[in-house]
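Content type mmCIF, C-alpha atoms, from the file coords33.cif:
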data_data
loop_
_atom_site.label_atom_id
_atom_site.label_comp_id
_atom_site.auth_asym_id
_atom_site.auth_seq_id
_atom_site.Cartn_x
_atom_site.Cartn_y
_atom_site.Cartn_z
CA MET C 101 25.61 -15.47 9.66
CA MET C 102 23.44 -12.89 7.93
CA ASP C 103 19.75 -13.79 7.83
CA TRP C 104 18.25 -12.57 4.57
CA GLY C 105 14.76 -13.71 5.58
CA PRO C 106 13.57 -10.28 6.85
CA LEU C 107 14.59 -8.58 3.61
CA TYR C 108 12.89 -11.26 1.51
CA LEU C 109 9.75 -11.03 3.65
CA THR C 110 9.75 -7.24 3.40
CA LEU C 111 9.90 -7.32 -0.40
CA LYS C 112 7.23 -10.04 -0.49
CA LEU C 113 4.96 -7.95 1.73
CA ALA C 114 5.53 -4.78 -0.32
CA LEU C 115 4.83 -6.55 -3.63
CA ALA C 116 1.67 -8.26 -2.35
CA THR C 117 0.38 -5.05 -0.79
CA THR C 118 1.09 -2.98 -3.90
CA PHE C 119 -0.61 -5.52 -6.17
CA ILE C 120 -3.77 -5.47 -4.06
CA LEU C 121 -3.69 -1.69 -3.82
CA VAL C 122 -3.60 -1.41 -7.62
CA LEU C 123 -6.75 -3.55 -7.82
CA VAL C 124 -8.48 -1.57 -5.07
CA GLY C 125 -7.06 1.91 -5.64
CA ILE C 126 -7.84 2.29 -9.34
CA PRO C 127 -11.63 1.82 -9.12
CA LEU C 128 -11.81 3.73 -5.82
CA GLY C 129 -9.79 6.63 -7.21
CA TYR C 130 -11.95 6.66 -10.35
CA TRP C 131 -15.16 6.71 -8.31
CA LEU C 132 -13.91 9.55 -6.12
CA SER C 133 -12.92 11.58 -9.19
CA ARG C 134 -16.36 11.21 -10.81
CA THR C 135 -18.90 11.06 -8.00
CA THR C 136 -20.81 13.98 -6.51
CA SER C 137 -22.39 11.87 -3.77
CA TRP C 138 -22.69 13.30 -0.27
CA VAL C 139 -20.72 10.33 1.01
CA LYS C 140 -17.61 11.33 -0.98
CA PRO C 141 -16.06 13.50 1.81
CA VAL C 142 -16.61 10.66 4.27
CA ILE C 143 -14.80 8.14 2.04
CA GLU C 144 -11.99 10.60 1.32
CA THR C 145 -11.54 11.17 5.05
CA LEU C 146 -11.47 7.45 5.83
CA VAL C 147 -8.95 6.81 3.04
CA SER C 148 -6.69 9.63 4.23
CA MET C 149 -6.78 8.86 7.96
CA PRO C 150 -3.65 6.62 7.89
CA LEU C 151 -1.70 9.74 6.91
CA VAL C 152 -2.33 11.36 10.30
CA LEU C 153 -3.05 8.45 12.64
CA PRO C 154 -0.16 6.86 14.55
CA PRO C 155 0.45 3.37 13.12
CA THR C 156 -0.08 1.88 16.57
CA VAL C 157 -3.68 3.14 16.58
CA LEU C 158 -4.44 1.25 13.38
CA GLY C 159 -2.62 -1.80 14.73
CA PHE C 160 -4.55 -1.67 18.01
CA TYR C 161 -7.96 -1.56 16.36
CA PHE C 162 -6.90 -4.25 13.93
CA LEU C 163 -6.23 -6.49 16.92
CA ILE C 164 -9.58 -5.52 18.44
CA VAL C 165 -11.49 -6.40 15.26
CA PHE C 166 -9.55 -9.38 13.92
CA GLY C 167 -8.22 -10.98 17.10
CA PRO C 168 -8.93 -14.73 17.35
CA GLU C 169 -11.18 -14.17 20.36
CA GLN C 170 -13.26 -11.55 18.51
CA PHE C 171 -16.34 -12.43 16.45
CA LEU C 172 -15.00 -11.38 13.05
CA GLY C 173 -11.54 -12.79 13.66
CA SER C 174 -12.87 -16.14 14.87
CA TRP C 175 -15.34 -16.31 11.97
CA ILE C 176 -12.60 -15.74 9.39
CA ASP C 177 -10.41 -18.32 11.11
CA LYS C 178 -13.20 -20.91 11.29
CA TRP C 179 -14.78 -20.55 7.85
CA LEU C 180 -11.88 -19.30 5.72
CA GLY C 181 -9.01 -20.91 7.59
CA ILE C 182 -7.15 -17.59 7.79
CA ARG C 183 -5.79 -16.22 11.04
CA LEU C 184 -5.05 -12.54 10.58
CA VAL C 185 -3.24 -11.83 13.84
CA PHE C 186 0.46 -12.79 13.95
CA SER C 187 0.38 -14.03 10.36
CA PHE C 188 1.55 -12.85 6.95
CA PRO C 189 -2.02 -12.44 5.57
CA GLY C 190 -2.72 -10.14 8.50
CA LEU C 191 0.33 -8.05 7.64
CA VAL C 192 -0.87 -7.76 4.05
CA LEU C 193 -4.37 -6.65 5.04
CA ALA C 194 -3.09 -4.10 7.54
CA SER C 195 -0.52 -2.82 5.04
CA VAL C 196 -3.21 -2.38 2.40
CA ILE C 197 -5.26 -0.25 4.79
CA TYR C 198 -2.22 1.69 6.01
CA SER C 199 -0.86 2.43 2.52
CA LEU C 200 -4.23 3.00 0.82
CA PRO C 201 -3.97 6.83 0.59
CA PHE C 202 -0.60 6.58 -1.15
CA MET C 203 -2.29 4.71 -4.02
CA VAL C 204 -5.70 6.34 -4.12
CA GLN C 205 -4.73 10.01 -3.86
CA PRO C 206 -2.38 10.16 -6.89
CA ILE C 207 -4.92 8.26 -9.02
CA HIS C 208 -7.75 10.47 -7.76
CA SER C 209 -5.78 13.64 -8.52
CA GLY C 210 -4.71 12.39 -11.93
CA LEU C 211 -8.22 11.43 -13.04
CA SER C 212 -9.70 14.64 -11.60
CA SER C 213 -7.30 16.69 -13.73
CA LEU C 214 -8.53 15.10 -16.97
CA PRO C 215 -11.05 17.14 -18.99
CA ASN C 216 -14.57 15.86 -18.54
CA SER C 217 -15.04 16.01 -22.29
CA LEU C 218 -12.38 13.35 -22.77
CA LEU C 219 -14.17 10.76 -20.68
CA GLU C 220 -17.62 11.83 -21.79
CA ALA C 221 -16.64 11.36 -25.43
CA SER C 222 -15.71 7.76 -24.70
CA LEU C 223 -19.05 7.16 -22.98
CA LEU C 224 -20.95 8.73 -25.89
CA MET C 225 -19.17 6.33 -28.23
CA GLY C 226 -20.75 3.43 -26.37
CA LYS C 227 -17.89 2.48 -24.10
CA SER C 228 -18.73 1.40 -20.57
CA LYS C 229 -17.36 3.24 -17.54
CA TRP C 230 -14.88 0.43 -16.98
CA GLN C 231 -13.70 0.50 -20.61
CA THR C 232 -13.41 4.28 -20.42
CA LEU C 233 -11.25 4.01 -17.31
CA ILE C 234 -8.95 1.33 -18.76
CA LYS C 235 -8.62 2.63 -22.32
CA VAL C 236 -8.90 6.39 -21.83
CA GLY C 237 -8.41 7.35 -18.20
CA LEU C 238 -5.39 5.30 -17.13
CA PRO C 239 -3.31 5.82 -20.31
CA ASN C 240 -3.59 9.56 -19.72
CA ILE C 241 -2.47 9.46 -16.08
CA LYS C 242 0.48 7.06 -16.31
CA PRO C 243 2.79 9.29 -14.21
CA ALA C 244 0.16 9.53 -11.45
CA LEU C 245 -0.46 5.79 -11.56
CA LEU C 246 3.25 5.01 -11.37
CA THR C 247 3.65 7.48 -8.52
CA GLY C 248 0.92 5.69 -6.58
CA ILE C 249 2.51 2.30 -7.20
CA ILE C 250 5.99 3.45 -6.20
CA LEU C 251 4.89 5.33 -3.08
CA SER C 252 2.70 2.43 -1.92
CA PHE C 253 5.62 0.05 -2.35
CA ALA C 254 8.02 2.35 -0.50
CA HIS C 255 5.58 3.09 2.31
CA THR C 256 5.00 -0.61 2.93
CA ILE C 257 8.72 -1.27 3.13
CA GLY C 258 9.10 1.37 5.84
CA GLU C 259 6.26 0.20 8.09
CA PHE C 260 7.11 -0.52 11.71
CA GLY C 261 4.35 0.17 14.23
CA VAL C 262 1.59 -1.60 12.34
CA VAL C 263 3.57 -4.73 11.52
CA LEU C 264 4.98 -4.94 15.03
CA MET C 265 1.57 -4.87 16.70
CA ILE C 266 -0.16 -7.18 14.25
CA GLY C 267 2.60 -9.59 13.31
CA GLY C 268 5.06 -9.46 16.16
CA SER C 269 8.41 -10.94 15.22
CA ILE C 270 7.99 -14.50 14.00
CA PRO C 271 10.99 -15.59 11.87
CA ASP C 272 10.11 -16.27 8.22
CA LYS C 273 6.47 -15.28 8.88
CA THR C 274 6.18 -11.73 10.22
CA ARG C 275 9.73 -10.57 11.03
CA VAL C 276 10.23 -7.93 8.37
CA ALA C 277 13.34 -5.77 7.97
CA SER C 278 12.13 -2.84 10.10
CA ILE C 279 11.48 -5.22 13.00
CA ALA C 280 14.80 -6.96 12.46
CA ILE C 281 16.68 -3.64 12.64
CA TYR C 282 15.04 -2.77 15.95
CA GLU C 283 15.87 -6.16 17.43
CA GLU C 284 19.47 -6.15 16.18
CA VAL C 285 20.07 -2.72 17.71
CA GLU C 286 18.59 -3.91 21.01
CA ALA C 287 20.99 -6.87 20.88
CA LEU C 288 23.89 -4.49 20.04
CA ASN C 289 24.44 -6.27 16.71
CA TYR C 290 25.17 -3.04 14.88
CA THR C 291 26.82 -4.70 11.88
CA THR C 292 23.70 -6.67 11.01
CA ALA C 293 21.48 -3.68 11.76
CA HIS C 294 23.63 -1.58 9.45
CA THR C 295 23.29 -4.13 6.64
CA TYR C 296 19.50 -4.15 6.89
CA SER C 297 19.36 -0.37 7.21
CA LEU C 298 21.69 0.23 4.27
CA PHE C 299 19.57 -2.02 2.06
CA LEU C 300 16.40 -0.10 2.96
CA LEU C 301 18.20 3.24 2.62
CA VAL C 302 19.38 2.48 -0.91
CA LEU C 303 16.00 1.07 -1.89
CA ALA C 304 14.19 4.14 -0.51
CA PHE C 305 16.54 6.45 -2.45
CA ILE C 306 15.89 4.58 -5.70
CA VAL C 307 12.14 4.58 -5.13
CA LEU C 308 11.90 8.28 -4.27
CA MET C 309 14.21 9.24 -7.12
CA SER C 310 11.84 7.40 -9.45
CA VAL C 311 8.93 9.48 -8.16
CA TYR C 312 10.76 12.76 -8.78
CA LEU C 313 11.82 11.64 -12.25
CA ILE C 314 8.24 10.79 -13.10
CA ASN C 315 6.72 13.97 -11.65
CA GLY C 316 9.45 16.09 -13.21
CA GLY C 317 8.56 14.84 -16.66
CA TYR C 318 11.96 13.29 -17.27
CA LEU C 319 10.43 9.98 -18.28
CA LYS C 320 7.86 11.32 -20.76
CA ARG C 321 9.88 10.09 -23.69
CA PHE C 322 9.29 6.52 -22.51
CA TRP C 323 5.52 6.95 -22.92
CA ARG C 324 5.67 7.85 -26.59
#
As a first step, turn the structure in this file into structure tokens.
Amino acid sequence: MMDWGPLYLTLKLALATTFILVLVGIPLGYWLSRTTSWVKPVIETLVSMPLVLPPTVLGFYFLIVFGPEQFLGSWIDKWLGIRLVFSFPGLVLASVIYSLPFMVQPIHSGLSSLPNSLLEASLLMGKSKWQTLIKVGLPNIKPALLTGIILSFAHTIGEFGVVLMIGGSIPDKTRVASIAIYEEVEALNYTTAHTYSLFLLVLAFIVLMSVYLINGGYLKRFWR
């Protein structure tokens, strides 16, 4: 019988990760687009590193830092009651780090392309930086914001190395679709592997098509 748990868990992970990335990526992207601090290149490099690092590297150091026998991992477990290794919260945190550039970079690029006069006019009218971002900045970069949201969602769905190292394969807890496909192929259950793969294939097509429609300007009429 088909187990839909991995697909449900994959969507749950992607939605949770994307939601957190929106909260983190918007202010970070805004700061990067406005700041001239010497630390900006350092932050940009750290944010972009998941694009070039093998996922297993991130997963390995996640285990080193947040393992239950490590200081930080044991502290979080003891005082917050959250065990990050081999748990869903751990998958979410690792996914946020791994997919961070896919949210921050489109927002950063979108806000950087806005005329300085547009944002400065809002500040001169007495609006705070936060109000300027929400009421002026974001409405003018909706395609970039949607691109970041869609790519972050899609990237999380396709994760394998990170989730395997951090979460393992615990049914209904950390066994996402990418892990399930690998295990079904190993067990020669090609029919089940095909079902999982087809679902992710169709979802990836829809997600990427949405990005091209947005970037191609085909959806501009919906913003009027």
Padding 4 Å on each side, edges along x, y and z: where is the centre of the box around the listed atoms of segment 194-208 of chain C, and how long are its edges in Å to one decimal? Output it as JSON.
{"center_x": -4.1, "center_y": 3.2, "center_z": -0.7, "size_x": 15.2, "size_y": 22.6, "size_z": 24.6}
- Query: Evaluating the PyMOL selection byres ((chain C and resi 188-201) around 8) on the displayed file yields which residues, as a ChimeraX atom specification?
  - Reply: /C:113,116-118,120-121,125,147-148,150-151,155,158-159,162,182-187,202-205,252,255-256,262-263,266-267,273-274
- Message: Please enumerate the residues selected by the PyMOL selection byres ((chain C and resi 105) around 8) when evaluated against the supplied file, formatted as a PyMOL selection string.
- Response: chain C and resi 103-104+106-109+271-272+276
Can you write just those residues out, C-alpha atoms, as an mmCIF file, in the frame of the given file?
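out-v7.cif, written as the output of this step:
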data_model
loop_
_atom_site.group_PDB
_atom_site.id
_atom_site.type_symbol
_atom_site.label_atom_id
_atom_site.label_comp_id
_atom_site.auth_asym_id
_atom_site.auth_seq_id
_atom_site.Cartn_x
_atom_site.Cartn_y
_atom_site.Cartn_z
ATOM 1 C CA ASP C 103 19.750 -13.790 7.830
ATOM 2 C CA TRP C 104 18.250 -12.570 4.570
ATOM 3 C CA PRO C 106 13.570 -10.280 6.850
ATOM 4 C CA LEU C 107 14.590 -8.580 3.610
ATOM 5 C CA TYR C 108 12.890 -11.260 1.510
ATOM 6 C CA LEU C 109 9.750 -11.030 3.650
ATOM 7 C CA PRO C 271 10.990 -15.590 11.870
ATOM 8 C CA ASP C 272 10.110 -16.270 8.220
ATOM 9 C CA VAL C 276 10.230 -7.930 8.370
#
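Put simply, atom CA of Leu180 of chain C is 22.6 Å away from atom CA of Met265 of chain C.
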- Task: For atom CA of Phe253 of chain C and atom CA of Leu288 of chain C, determine how far apart the two atoms are, in Å to one decimal place.
- Result: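 Between these atoms lies a distance of 29.3 Å.
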- Task: Considering only C-alpha atoms, return as a ChimeraX atom specification whatever protein or nucleic-acid residues lie within 12 Å of Asn216 of chain C, sequence-local ones (same chain, fewer than 3 positions apart) excluded.
- Result: /C:133-134,211-213,219-223,232,236-237
Take the residues that were just selected and, keeping C-alpha atoms, output them as a short mmCIF file (atom, residue, chain, number, x, y, z; two decimals), keeping the file's coordinate frame.
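In the end it all went to result-v5.cif:
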data_model
loop_
_atom_site.label_atom_id
_atom_site.label_comp_id
_atom_site.auth_asym_id
_atom_site.auth_seq_id
_atom_site.Cartn_x
_atom_site.Cartn_y
_atom_site.Cartn_z
CA SER C 133 -12.92 11.58 -9.19
CA ARG C 134 -16.36 11.21 -10.81
CA LEU C 211 -8.22 11.43 -13.04
CA SER C 212 -9.70 14.64 -11.60
CA SER C 213 -7.30 16.69 -13.73
CA LEU C 219 -14.17 10.76 -20.68
CA GLU C 220 -17.62 11.83 -21.79
CA ALA C 221 -16.64 11.36 -25.43
CA SER C 222 -15.71 7.76 -24.70
CA LEU C 223 -19.05 7.16 -22.98
CA THR C 232 -13.41 4.28 -20.42
CA VAL C 236 -8.90 6.39 -21.83
CA GLY C 237 -8.41 7.35 -18.20
#
